[in-house]
Each structure stands twice: as C-alpha cells, then as structure tokens.
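entry.txt (compact mmCIF, C-alpha atoms and all ligand atoms) appears below.
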# COMPACT_ATOMS: atom_id res chain seq x y z
CA MET A 610 3.38 -4.51 -21.44
CA GLY A 611 7.17 -4.69 -21.79
CA SER A 612 9.74 -6.33 -19.52
CA PHE A 613 12.46 -4.06 -18.22
CA ALA A 614 15.59 -4.40 -16.12
CA LEU A 615 16.26 -1.54 -13.74
CA LEU A 616 19.78 -0.99 -12.43
CA GLY A 617 20.29 0.85 -9.15
CA MET A 618 23.05 3.16 -8.14
CA GLY A 619 25.52 1.52 -5.80
CA TRP A 620 24.74 3.61 -2.72
CA HIS A 621 21.92 1.64 -1.02
CA SER A 622 20.60 -1.39 -2.87
CA TRP A 623 17.77 -2.13 -0.46
CA LEU A 624 16.43 1.41 -0.73
CA PHE A 625 16.83 1.29 -4.51
CA ARG A 626 14.56 -1.76 -4.62
CA GLU A 627 12.06 -0.16 -2.26
CA GLU A 628 11.98 2.95 -4.43
CA MET A 629 11.32 0.84 -7.54
CA ARG A 630 8.63 -1.18 -5.72
CA ALA A 631 6.92 2.02 -4.60
CA ILE A 632 6.85 3.30 -8.17
CA VAL A 633 6.20 0.22 -10.32
CA GLY A 634 4.79 -2.38 -7.90
CA ASP A 635 5.72 -6.05 -8.31
CA LEU A 636 9.27 -6.84 -9.28
CA ASP A 637 11.68 -9.75 -9.48
CA ILE A 638 15.08 -9.33 -7.90
CA LEU A 639 17.85 -10.52 -10.24
CA HIS A 640 20.63 -9.09 -8.09
CA PRO A 641 20.56 -6.67 -5.12
CA ARG A 642 21.07 -3.80 -7.60
CA ILE A 643 19.06 -5.18 -10.54
CA VAL A 644 15.32 -5.78 -10.65
CA ALA A 645 13.04 -6.91 -13.46
CA CYS A 646 9.51 -5.64 -13.85
CA LYS A 647 6.70 -5.20 -16.35
CA ILE A 648 5.77 -1.68 -17.37
CA LYS A 649 2.79 -0.73 -19.50
CA GLU A 650 3.46 1.09 -22.75
CA GLY A 651 3.73 4.81 -22.16
CA ALA A 652 4.14 4.38 -18.40
CA LEU A 653 7.91 4.71 -18.40
CA GLU A 654 7.65 8.31 -17.30
CA ARG A 655 6.69 7.03 -13.85
CA LEU A 656 10.36 6.14 -13.52
CA SER A 657 11.57 9.60 -14.37
CA GLY A 658 12.74 11.55 -11.37
CA CYS A 659 13.72 8.48 -9.34
CA ALA A 660 16.51 9.11 -6.87
CA LEU A 661 18.42 5.83 -7.02
CA LEU A 662 17.80 4.52 -10.54
CA ASP A 663 20.88 4.45 -12.74
CA GLU A 664 19.84 2.72 -15.95
CA VAL A 665 16.75 1.25 -17.64
CA LEU A 666 17.04 -1.62 -20.14
CA VAL A 667 14.49 -3.41 -22.28
CA LEU A 668 15.17 -6.80 -20.73
CA GLY A 669 16.70 -9.45 -22.95
CA GLY A 670 17.49 -12.10 -20.40
CA HIS A 671 19.62 -13.04 -17.45
CA CYS A 672 21.46 -16.06 -16.12
CA GLU A 673 23.59 -17.15 -13.22
CA LEU A 674 27.18 -17.85 -14.03
CA ASP A 675 27.79 -21.02 -12.06
CA ASP A 676 29.50 -24.31 -12.81
CA SER A 677 26.37 -25.82 -14.29
CA SER A 678 25.63 -22.83 -16.49
CA LYS A 679 26.02 -22.72 -20.22
CA GLY A 680 29.46 -22.06 -21.66
CA PHE A 681 30.48 -18.55 -22.62
CA ASP A 682 30.19 -19.20 -26.36
CA GLU A 683 26.60 -20.33 -25.98
CA LEU A 684 25.85 -17.25 -23.89
CA PHE A 685 27.45 -14.85 -26.41
CA THR A 686 25.32 -16.40 -29.16
CA GLU A 687 22.13 -16.18 -27.08
CA ILE A 688 22.71 -12.48 -26.31
CA GLY A 689 23.66 -11.73 -29.92
CA ASP A 690 20.62 -13.53 -31.39
CA TRP A 691 18.28 -11.76 -28.98
CA ALA A 692 19.80 -8.38 -29.84
CA VAL A 693 19.53 -8.94 -33.60
CA ASN A 694 15.83 -9.85 -33.25
CA SER A 695 14.97 -7.12 -30.76
CA MET A 696 16.84 -3.97 -31.65
CA GLY A 697 15.55 -1.25 -33.90
CA GLU A 698 16.91 -0.18 -37.28
CA GLY A 699 20.43 1.11 -37.63
CA SER A 700 23.79 0.70 -35.98
CA PHE A 701 24.67 -0.76 -32.61
CA ALA A 702 27.34 -0.86 -29.93
CA ILE A 703 27.86 -3.31 -27.08
CA ARG A 704 28.52 -1.82 -23.68
CA THR A 705 29.34 -3.89 -20.61
CA ARG A 706 29.02 -2.84 -16.99
CA LYS A 707 30.76 -4.68 -14.19
CA ILE A 708 29.32 -4.19 -10.72
CA GLY A 709 30.09 -5.72 -7.32
CA GLU A 710 32.94 -8.07 -6.48
CA LEU A 711 34.11 -10.01 -9.56
CA PRO A 712 37.12 -12.16 -10.37
CA ARG A 713 39.70 -10.27 -12.43
CA SER A 714 39.68 -13.09 -14.95
CA LEU A 715 36.10 -12.30 -16.00
CA SER A 716 36.63 -10.25 -19.12
CA SER A 717 34.04 -7.69 -20.17
CA ARG A 718 36.05 -7.24 -23.39
CA ALA A 719 35.28 -10.85 -24.31
CA PHE A 720 31.54 -10.05 -24.16
CA GLU A 721 31.96 -6.88 -26.21
CA ARG A 722 34.10 -8.58 -28.85
CA SER A 723 32.20 -11.84 -29.17
CA VAL A 724 28.63 -10.56 -28.95
CA GLY A 725 29.56 -7.65 -31.24
CA LYS A 726 31.06 -10.02 -33.78
CA HIS A 727 27.97 -12.22 -33.71
CA ILE A 728 25.63 -9.25 -34.32
CA SER A 729 27.75 -7.64 -37.04
CA SER A 730 28.01 -11.03 -38.82
CA GLN A 731 24.24 -10.68 -39.36
CA GLY A 732 24.69 -7.46 -41.32
CA ARG A 733 24.36 -4.82 -38.57
CA ASP A 734 26.81 -1.90 -38.46
CA VAL A 735 28.91 -1.19 -35.42
CA ASN A 736 29.03 2.45 -34.32
CA LEU A 737 30.90 3.01 -31.10
CA GLU A 738 30.51 6.82 -31.16
CA ASP A 739 26.80 7.33 -31.63
CA PRO A 740 24.95 4.03 -32.01
CA GLU A 741 21.22 3.86 -32.65
CA ASN A 742 21.01 0.78 -30.42
CA GLU A 743 23.05 0.23 -27.30
CA VAL A 744 23.15 -3.40 -26.23
CA VAL A 745 24.08 -3.51 -22.56
CA VAL A 746 25.47 -6.49 -20.66
CA ILE A 747 25.68 -6.17 -16.88
CA ILE A 748 28.05 -8.55 -15.16
CA ALA A 749 27.21 -8.45 -11.45
CA GLY A 750 29.03 -10.07 -8.56
CA SER A 751 28.36 -10.00 -4.83
CA ASN A 752 27.32 -6.65 -3.46
CA ASP A 753 29.71 -6.44 -0.49
CA ILE A 754 30.68 -2.91 -1.46
CA ASP A 755 27.38 -1.62 -0.08
CA SER A 756 27.85 -1.42 3.69
CA HIS A 757 24.15 -1.00 4.50
CA PRO A 758 22.07 -3.87 5.87
CA GLU A 759 20.77 -6.12 3.09
CA PRO A 760 17.74 -8.40 3.57
CA TYR A 761 18.25 -10.06 0.16
CA SER A 762 21.19 -12.42 0.24
CA PHE A 763 23.09 -12.95 -2.98
CA SER A 764 26.35 -14.64 -3.85
CA GLY A 765 27.67 -15.71 -7.21
CA ILE A 766 27.64 -13.88 -10.49
CA THR A 767 24.68 -12.91 -12.61
CA ILE A 768 24.64 -11.71 -16.21
CA THR A 769 21.78 -9.49 -17.36
CA TRP A 770 21.40 -8.17 -20.89
CA GLY A 771 19.11 -5.79 -22.67
CA ILE A 772 18.88 -2.71 -24.87
CA LYS A 773 19.21 0.74 -23.34
CA GLU A 774 15.75 2.33 -23.12
CA VAL A 775 16.06 5.64 -24.94
CA ASP A 776 12.79 7.04 -23.61
CA TRP A 777 14.10 7.14 -20.04
CA GLU A 778 16.51 9.79 -18.89
CA LYS A 779 18.40 9.85 -15.61
CA GLU A 780 17.43 12.68 -13.27
CA ASP A 781 20.09 15.39 -13.09
CA PHE A 782 20.52 16.58 -9.51
CA SER A 783 23.35 18.99 -10.25
CA GLY A 784 23.14 22.74 -9.68
CA ARG A 785 20.72 22.70 -6.75
CA SER A 786 22.66 21.19 -3.85
CA PRO A 787 21.82 22.86 -0.51
CA THR A 788 24.95 25.05 -0.53
CA GLU A 789 24.22 26.29 -4.06
CA ARG A 790 20.80 27.61 -3.08
CA PRO A 791 20.33 31.23 -1.95
CA TYR A 792 19.21 30.14 1.55
CA PHE A 793 21.26 27.41 3.19
CA LYS A 794 21.27 25.93 6.70
CA PRO A 795 23.11 22.81 7.84
CA VAL A 796 19.71 21.07 8.26
CA SER A 797 19.01 21.34 4.51
CA LEU A 798 18.12 18.03 2.92
CA ASP A 799 20.12 16.85 -0.07
CA PRO A 800 18.00 16.80 -3.30
CA ARG A 801 18.48 13.10 -3.91
CA GLN A 802 17.40 12.18 -0.37
CA ALA A 803 14.39 14.47 -0.62
CA ARG A 804 13.49 12.88 -3.95
CA LEU A 805 13.87 9.39 -2.45
CA LEU A 806 11.50 10.21 0.42
CA ILE A 807 8.96 11.46 -2.11
CA SER A 808 9.27 8.31 -4.26
CA LEU A 809 8.92 6.07 -1.22
CA SER A 810 5.63 7.74 -0.32
CA ASN A 811 4.15 6.46 -3.57
CA ILE A 812 1.75 3.53 -3.74
CA PRO A 813 1.44 2.00 -7.22
CA GLY A 814 -1.93 2.89 -8.68
CA ARG A 815 -2.53 5.77 -6.25
CA GLU A 816 -1.85 9.28 -7.50
CA THR A 817 0.13 11.50 -5.14
CA LYS A 818 -1.84 14.73 -5.48
CA THR A 819 -0.23 16.70 -2.67
CA ILE A 820 2.97 16.58 -0.64
CA ILE A 821 2.73 18.05 2.84
CA ASP A 822 5.95 18.96 4.66
CA PRO A 823 5.22 20.42 8.10
CA PHE A 824 8.97 20.97 8.86
CA CYS A 825 10.03 22.47 5.56
CA GLY A 826 13.19 24.24 6.81
CA THR A 827 15.02 25.52 3.74
CA GLY A 828 12.59 23.78 1.37
CA GLY A 829 14.54 20.67 0.30
CA ILE A 830 11.39 18.53 -0.06
CA ALA A 831 9.23 21.37 -1.39
CA ILE A 832 11.75 21.96 -4.19
CA GLU A 833 11.85 18.30 -5.28
CA GLY A 834 8.08 17.94 -5.10
CA SER A 835 7.42 21.07 -7.12
CA LEU A 836 10.05 20.06 -9.69
CA GLN A 837 7.90 16.97 -10.26
CA ASP A 838 4.85 19.21 -10.69
CA ILE A 839 3.19 17.89 -7.54
CA GLU A 840 1.32 20.38 -5.36
CA VAL A 841 3.32 21.03 -2.17
CA LEU A 842 1.98 22.47 1.07
CA ALA A 843 4.94 23.43 3.24
CA SER A 844 5.19 24.99 6.68
CA ASP A 845 7.67 25.63 9.48
CA LEU A 846 7.49 27.24 12.90
CA ASP A 847 10.50 29.44 12.18
CA SER A 848 9.60 32.43 10.01
CA ARG A 849 13.21 32.73 8.75
CA MET A 850 12.88 29.19 7.36
CA VAL A 851 9.57 30.10 5.74
CA GLU A 852 11.19 33.11 4.02
CA GLY A 853 14.24 30.99 3.11
CA SER A 854 12.11 28.26 1.51
CA ILE A 855 10.22 30.85 -0.51
CA SER A 856 13.46 32.40 -1.79
CA ASN A 857 14.91 28.97 -2.68
CA LEU A 858 11.76 28.05 -4.60
CA LYS A 859 11.73 31.40 -6.38
CA TRP A 860 15.37 30.89 -7.38
CA LEU A 861 14.30 27.71 -9.22
CA ASP A 862 11.25 29.46 -10.64
CA ARG A 863 8.92 27.25 -8.61
CA LYS A 864 6.03 28.23 -6.41
CA CYS A 865 4.21 26.48 -3.59
CA SER A 866 2.32 27.41 -0.43
CA VAL A 867 4.74 28.01 2.45
CA GLU A 868 3.25 29.09 5.79
CA LYS A 869 4.46 29.70 9.31
CA CYS A 870 2.75 27.09 11.48
CA ASP A 871 3.41 24.80 14.41
CA ALA A 872 3.46 21.26 13.03
CA SER A 873 0.93 20.13 15.61
CA GLU A 874 -1.63 22.49 14.05
CA ILE A 875 -1.38 21.63 10.36
CA PHE A 876 -4.89 20.16 10.18
CA GLY A 877 -6.21 23.63 11.04
CA LEU A 878 -3.97 25.09 8.31
CA TRP A 879 -4.64 22.70 5.41
CA GLY A 880 -7.94 20.97 6.31
CA LYS A 881 -9.14 17.66 4.85
CA ARG A 882 -7.50 16.48 1.61
CA ASP A 883 -6.98 13.29 -0.34
CA GLY A 884 -4.03 11.75 -2.22
CA CYS A 885 -1.58 13.17 0.34
CA SER A 886 1.99 12.19 1.02
CA PHE A 887 3.38 13.53 4.29
CA VAL A 888 7.08 13.81 3.56
CA PHE A 889 9.39 15.35 6.12
CA ASP A 890 12.48 15.15 8.27
CA PRO A 891 11.35 16.24 11.72
CA PRO A 892 13.41 18.44 14.05
CA TYR A 893 15.98 16.78 16.27
CA GLY A 894 18.85 18.11 18.38
CA ARG A 895 19.41 21.73 17.55
CA SER A 896 16.72 21.98 14.89
CA SER A 897 14.12 21.13 17.56
CA TRP A 898 12.87 24.10 19.53
CA LYS A 899 13.35 22.08 22.70
CA SER A 900 15.24 18.88 21.99
CA ASP A 901 13.15 16.81 24.44
CA ASP A 902 10.10 17.66 22.37
CA SER A 903 11.21 15.81 19.23
CA VAL A 904 9.20 12.61 19.76
CA GLU A 905 6.14 14.47 20.93
CA ILE A 906 6.18 16.82 17.92
CA PHE A 907 6.64 13.82 15.62
CA LEU A 908 3.71 11.90 17.12
CA ASN A 909 1.53 15.03 17.01
CA VAL A 910 2.24 15.36 13.29
CA LEU A 911 1.28 11.73 12.70
CA GLY A 912 -2.05 12.50 14.39
CA GLU A 913 -2.59 15.63 12.29
CA ALA A 914 -1.72 13.71 9.13
CA ARG A 915 -4.42 11.12 9.88
CA LYS A 916 -6.96 13.93 10.27
CA ILE A 917 -5.94 15.58 6.98
CA ASP A 918 -5.95 12.37 4.92
CA PRO A 919 -6.67 9.01 6.60
CA THR A 920 -5.63 7.27 3.37
CA GLY A 921 -2.33 9.18 3.09
CA VAL A 922 1.22 7.88 3.40
CA VAL A 923 4.04 9.12 5.66
CA SER A 924 7.63 9.03 4.43
CA THR A 925 10.20 10.34 6.85
CA MET A 926 13.80 10.23 8.00
CA LEU A 927 14.52 9.83 11.71
CA PRO A 928 17.74 9.98 13.74
CA ALA A 929 18.80 6.57 15.11
CA GLY A 930 21.63 4.94 17.03
CA PRO A 931 24.49 3.15 15.20
CA GLU A 932 23.02 -0.22 16.28
CA ALA A 933 20.39 0.30 13.57
CA LEU A 934 23.00 -0.79 11.01
CA ALA A 935 24.00 -3.93 12.86
CA SER A 936 20.97 -6.13 12.33
CA LEU A 937 17.75 -6.53 10.42
CA THR A 938 15.62 -6.66 13.58
CA HIS A 939 15.07 -3.37 15.27
CA GLU A 940 13.11 -3.76 18.50
CA ASP A 941 16.03 -2.37 20.53
CA THR A 942 17.20 0.25 18.06
CA VAL A 943 17.06 3.72 19.55
CA VAL A 944 15.12 6.11 17.32
CA MET A 945 14.76 9.74 18.38
CA GLY A 946 16.03 8.71 21.81
CA ARG A 947 13.31 6.02 22.28
CA SER A 948 13.34 2.29 21.70
CA TRP A 949 11.82 1.55 18.30
CA SER A 950 9.47 -1.11 19.73
CA ASP A 951 7.98 1.49 22.12
CA LEU A 952 7.63 4.03 19.32
CA VAL A 953 5.93 1.50 17.05
CA VAL A 954 3.22 0.95 19.69
CA GLU A 955 2.51 4.70 19.67
CA ILE A 956 2.67 4.99 15.87
CA GLU A 957 0.18 2.12 15.54
CA SER A 958 -2.14 3.58 18.17
CA ILE A 959 -2.47 6.69 15.97
CA GLY A 960 -3.61 4.52 13.05
CA TRP A 961 -0.38 3.96 11.07
CA ARG A 962 1.31 0.70 10.08
CA VAL A 963 5.08 0.56 9.56
CA HIS A 964 5.64 -0.34 5.90
CA LEU A 965 9.40 0.25 5.78
CA PHE A 966 12.16 0.75 8.33
CA CYS A 967 15.52 1.06 6.63
CA PRO A 968 18.73 2.40 8.18
CA VAL A 969 21.04 4.72 6.27
CA ARG A 970 24.65 5.47 7.21
CA VAL A 971 25.23 9.22 7.23
CA HIS A 972 28.75 9.10 8.63
CA ARG A 973 30.64 6.94 11.09
CA SER A 974 28.55 7.70 14.18
CA LEU A 975 25.46 9.14 12.55
CA VAL A 976 22.63 6.94 11.34
CA ARG A 977 19.22 7.86 10.03
CA VAL A 978 16.30 5.56 9.50
CA ILE A 979 14.02 5.98 6.53
CA ALA A 980 10.55 5.02 7.70
CA VAL A 981 7.38 4.75 5.64
CA PHE A 982 3.97 4.35 7.26
CA HIS A 983 0.76 3.33 5.52
CA PRO A 984 -2.70 3.63 7.05
CA SER A 985 -3.45 0.62 9.25
CA ASP A 986 -7.00 0.23 7.95
C1 LIG A 1001 15.50 18.94 10.16
S1 LIG A 1001 14.85 20.49 9.80
C2 LIG A 1001 14.08 20.25 8.24
C3 LIG A 1001 15.04 20.53 7.11
C4 LIG A 1001 14.39 20.59 5.78
N1 LIG A 1001 13.93 19.28 5.31
C5 LIG A 1001 15.33 21.21 4.73
O1 LIG A 1001 15.50 20.63 3.63
O2 LIG A 1001 15.87 22.26 5.01
C6 LIG A 1001 13.49 20.61 10.91
C7 LIG A 1001 12.71 21.91 10.83
O3 LIG A 1001 11.65 21.82 11.77
C8 LIG A 1001 11.35 23.12 12.26
N2 LIG A 1001 10.60 22.97 13.52
C9 LIG A 1001 11.04 22.68 14.74
N3 LIG A 1001 10.01 22.56 15.60
C10 LIG A 1001 8.89 22.77 14.86
C11 LIG A 1001 7.51 22.74 15.16
N4 LIG A 1001 7.06 22.50 16.39
N5 LIG A 1001 6.63 22.98 14.16
C12 LIG A 1001 7.06 23.23 12.90
N6 LIG A 1001 8.35 23.29 12.57
C13 LIG A 1001 9.26 23.04 13.54
C14 LIG A 1001 12.70 23.78 12.39
O4 LIG A 1001 12.56 25.20 12.33
C15 LIG A 1001 13.46 23.19 11.18
O5 LIG A 1001 13.37 24.08 10.10

Would you mind writing the file's structure down as structure tokens?
Ligand SMILES: C[S@@+](CC[C@H](N)C(=O)[O-])C[C@H]1O[C@@H](n2cnc3c(N)ncnc32)[C@H](O)[C@@H]1O
Amino acid sequence: MGSFALLGMGWHSWLFREEMRAIVGDLDILHPRIVACKIKEGALERLSGCALLDEVLVLGGHCELDDSSKGFDELFTEIGDWAVNSMGEGSFAIRTRKIGELPRSLSSRAFERSVGKHISSQGRDVNLEDPENEVVVIIAGSNDIDSHPEPYSFSGITITWGIKEVDWEKEDFSGRSPTERPYFKPVSLDPRQARLLISLSNIPGRETKTIIDPFCGTGGIAIEGSLQDIEVLASDLDSRMVEGSISNLKWLDRKCSVEKCDASEIFGLWGKRDGCSFVFDPPYGRSSWKSDDSVEIFLNVLGEARKIDPTGVVSTMLPAGPEALASLTHEDTVVMGRSWSDLVVEIESIGWRVHLFCPVRVHRSLVRVIAVFHPSD
C-alpha cells in the first residue's frame, strides 16, 4: 500500500475531492486542491479516466509554511534526502508548481536550485530534458481563485513534495467535444462533465457494472461510459436523439444499447440489474417535452431506478437558481423550479438519500447542482 498525493485541476476543488473520495475512499485533505491517500499496489488504474485529477505523486511529505515552521534550508535538505532515498535509478529533475494565492517573494527557483543541488551532491545526474525521476514540489497558497462554494477552509501556505507517478496518465479529453461530434445539439454534455458524473456515481469497493442514462440526448454520458469499457444502457424519448447518439458512438468506434423510451418506463425496458449507476442530466426548459413536467419526469426516473437496482447510485446534474452558490446550506435553493427542501422530502420518500449536493457555476446567471443519491437502506 503506497501513499500518494493527488493534485486537482483548479476548476472546482470541492468536486475534485468528491471525485477522488468516490474513487479511492478515505483521504486526507492537505489543501483544497491536494489530497493524500493510500492506494494498493496495482490499483492506480482506478484513477485513470478521472475528470478533475491533474497530477499523481508518490507522496514524500508536506508541511505548513508558517512562522513556527522549519527554515527553508532545513526543508530543502528534508526534501532532497527523501528524494535520494526514494527515487529509482537514473537521472532526475526538480519541478515546482505554484498554485493559489502566493506572495511574490516565495521563489520556486530557490526550491529547484537548492533541492537539486542537494540531490546532485549525492551523485545523481540532473537531466532537465528527459529525467528518469521527476521530483515535484507543490507550493500552494489560499484557493481564492476558485469561485465555487468551499466547505473546507484553508489559509496559509502548504508545501507538498513527491515523485511523479509514471504509471498514471492524465485523461485526454481532446477531439471529442460536443461540437466535434457528428451529431451535436446545444444540450450535449461536455466530456469532462459527463466523466465527472460517472466518477461520482462510484462507491469504493463496489464495481459499476452498468451505466443507465434514460435521457441520453446526443450520447455525452454513453460515450464516456463506453470509453471506460463500462456497459451503457441509454435511451431517450426523441428518436432523432437516439439516432444521433448511435452515430456519435459509431464515430468513436464504440457500441452500446440505445433505445427510444419514455424515461418513466425504463424498468420495463431494462428489467432488474445490479451494480448500476444511473447517470443523467434530465430535461429542463426546452429539452423537456413540456417544461412543467421536468420535476415529475425526474421523480419518476428515481422510482424506476429503485426498481431496476435498489442498491444502485444516482449521479445527476440539475438546474438551480444563482442562490445555490451563495451558501453551503440549501433548504431554500430553487432546484428545477422547486425548493430543494421540498424536493429532498420527495427524493427520500422514493428510497434515496442525498449523498452530495454541490453547485457548479455555468455562467453568470446559470447554475447547475451536481447531486448524488445513495440508497437510503
Ligand atoms: C438535457 S438533455 C440530455 C443531454 C445529454 N446528456 C447529451 O449529452 O446530449 C435531456 C434529454 O431528455 C430527453 N427527454 C425529454 N423528456 C423525456 C422523457 N420523458 N423521457 C425520455 N427522454 C426525455 C430529451 O429529448 C433530451 O434529449
């Protein structure tokens, strides 16, 4: 079992941590964008395909940079000694990353120069072009740049160091954005967001055997699920969307079941299953057949999902009012035109428990909430 540090992309630190928790389980938060966790040997591939993970390091250590902390020279030596004892054969380079708000006076060059000097004094070759070992030092200040709500409060500066994990590769989302696909509609979900919803539907230790998307539209979720080699059962009431999803999947050389079906009848379509994740963005506004129906359709789907797999997980994205971003309590937030506290009562009466409710800024007046429900029993 090795200790790793996982660094999130800057977009939404809270969701980054939730994604990591859904995939690896317990973690320690070192900074809003950096978490530490234990991962069993050979299990690193569980982190492949994550939406918000930017870098994986074999964790060396971390410390707060406050008045009482050790001096810089002591820190450079500690990082250098750890690297010498922990890195593999061959050459090395030191790379620093600065994230968040930091004083200009904090020099990343000083880390590179001093730690590098310490390691090379012990007989290791520097190779800045193509090193066999990349020693990474992350200098992280407050995370004010992220304008999403943040339940984890952090101020100060933290230093985290480790060696870049070569067995992990960042997912490449290029080349399949909605507008690049053969069939595009403005409702199409961005690949990274689709991937995030899929990750969030994970429960550590439970295998996601099947993803069910009853509102597949142009196939954004179906594509990301099938790219991860998970079985996907997709459906939509609009036959043009069904055809469009099939052509988008074919374009990527992927196949999955796509059927025309009203979402409130998916139990009849797919029957009883296990290991299911119900991942979808339901219709709202113009993508709803009648806009007033949105909440009813959504609640019907939650009922169907319980019938298909009472141990399943729901991961979804719902339209919300801008007030969702203003606080961490959400009783009065309007979600799909209803107060969230009223909706929760209905969601719970169907047998679901709200595991996550996390607002996402889409643009100035448009907010979505990412919501994950686990079975209540
Ligand atoms: C927000 S879009 C989903 C977009 C999709 N995630 C994508 O990547 O393109 C909602 C979809 O729900 C479909 N829809 C609306 N009412 C439905 C219903 N009662 N049953 C099934 N699908 C429905 C619409 O045709 C639309 O394709």

Checklist entry - Hey, can you check how far atom CA of A:Pro791 sits from atom CA of A:Pro823? => result 21.1 Å

Item to check | Environment of ligand LIG 1001 (chain A) within 9 Å, counting only C-alpha atoms and all ligand atoms, reported as JSON, numbers by chain | outcome: {"A": [787, 793, 794, 795, 796, 797, 798, 799, 800, 803, 822, 823, 824, 825, 826, 827, 828, 829, 830, 831, 832, 844, 845, 846, 847, 848, 849, 850, 851, 854, 869, 870, 871, 872, 873, 874, 875, 888, 889, 890, 891, 892, 893, 894, 895, 896, 897, 898, 899, 902, 903, 906, 907, 910]}

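Our summary of the geometry notes that atom CA of A:Ala929 is positioned 11.2 Å from atom CA of A:Ala980.
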
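Minimum atom-to-atom distances from A:Gln731, A:Ser974, A:Ser948, A:Gln837 to A:Ser808 were compared using all atoms listed in the file, and the lowest value belongs to A:Gln837.
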
Checklist entry - In Å, with one decimal, what is the gap from atom CA of A:Ala645 to atom CA of A:Arg626? => result 10.3 Å

Given 8 Å of margin on each side, can you work out the centre and size in Å (one decimal) of an axis-aligned box holding every listed atom of stretch 635-651 of chain A, as lines of an AutoDock Vina configuration file?
center_x = 11.9
center_y = -2.9
center_z = -13.9
size_x = 34.3
size_y = 31.3
size_z = 33.6

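Residues surrounding A:Thr705 within 6 Å are A:Val745, A:Val746, A:Ile747 [only C-alpha atoms; sequence separation below 4 positions excluded].
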
Checklist outcome for this item: A:Ile643 proximity check over A:Pro984, A:Gly617, A:Gly921, A:Gly670, using all atoms listed in the file: winner is A:Gly617

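Selection around (-1.2, 10.9, 3.4) with radius 7 Å, counting only C-alpha atoms, yields the residues Gly884, Cys885, Ser886, Phe887, Ala914, Asp918, Pro919, Thr920, Gly921, Val922 and Val923 of chain A.
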
Checklist entry - A:Ala933: which residues within 10 Å, counting all atoms listed in the file, same-chain residues fewer than 5 positions away excluded, as number ranges by chain? => result A: 757-758, 938-944, 949, 966-970, 976-978

Next on the checklist: Considering only C-alpha atoms, can you say which of A:Leu666, A:Cys659, A:Leu715, A:Ile648 comes closest to A:Asn811?
Outcome noted: A:Cys659

Next on the checklist: Need to verify the contact set: stretch 954-962 of chain A, 6 Å, only C-alpha atoms, exclusion of same-chain residues closer than 3 positions in sequence. Can you return it as a PyMOL selection string?
Outcome noted: chain A and resi 951+982-985

Checklist entry - Counting all atoms listed in the file, which of A:Ser717, A:Thr686, A:Asn742, A:Ser924 gets nearest to A:Ser730? => result A:Thr686

Would you kindly return, as a PDB file with C-alpha atoms, in the coordinates of the input, each protein, DNA or RNA residue with an atom no farther than 10 Å from any atom of A:Ile638, considering all atoms listed in the file and excluding same-chain residues fewer than 6 positions away?
ATOM      1  CA  ALA A 614      15.590  -4.400 -16.120  1.00  0.00           C
ATOM      2  CA  LEU A 615      16.260  -1.540 -13.740  1.00  0.00           C
ATOM      3  CA  ARG A 626      14.560  -1.760  -4.620  1.00  0.00           C
ATOM      4  CA  VAL A 644      15.320  -5.780 -10.650  1.00  0.00           C
ATOM      5  CA  ALA A 645      13.040  -6.910 -13.460  1.00  0.00           C
ATOM      6  CA  CYS A 646       9.510  -5.640 -13.850  1.00  0.00           C
ATOM      7  CA  TYR A 761      18.250 -10.060   0.160  1.00  0.00           C
TER       8      TYR A 761
END

Checklist entry - Which protein, DNA or RNA residues are at most 10 Å from (25.3, 5.2, -6.0) in the file's coordinates when you count only C-alpha atoms, listed as a VMD selection string? => result chain A and resid 617 to 622 625 660 to 663 755

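Candidate residues A:Gly709, A:Gly732, A:Gly765, A:Gly771 were compared for distance to A:Phe613, and the nearest is A:Gly771, using only C-alpha atoms.
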
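Distances here use all atoms listed in the file; by that measure, the residue among A:Leu927, A:Leu836, A:Ile807, A:Leu975 closest to A:Phe782 is A:Leu836.
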
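Residues surrounding A:Leu737 within 12 Å are Ser700, Phe701, Ala702, Ile703, Arg704, Glu721, Gly725, Asp734, Val735, Asp739, Pro740, Glu741, Asn742, Glu743 and Val744 of chain A [only C-alpha atoms; sequence separation below 2 positions excluded].
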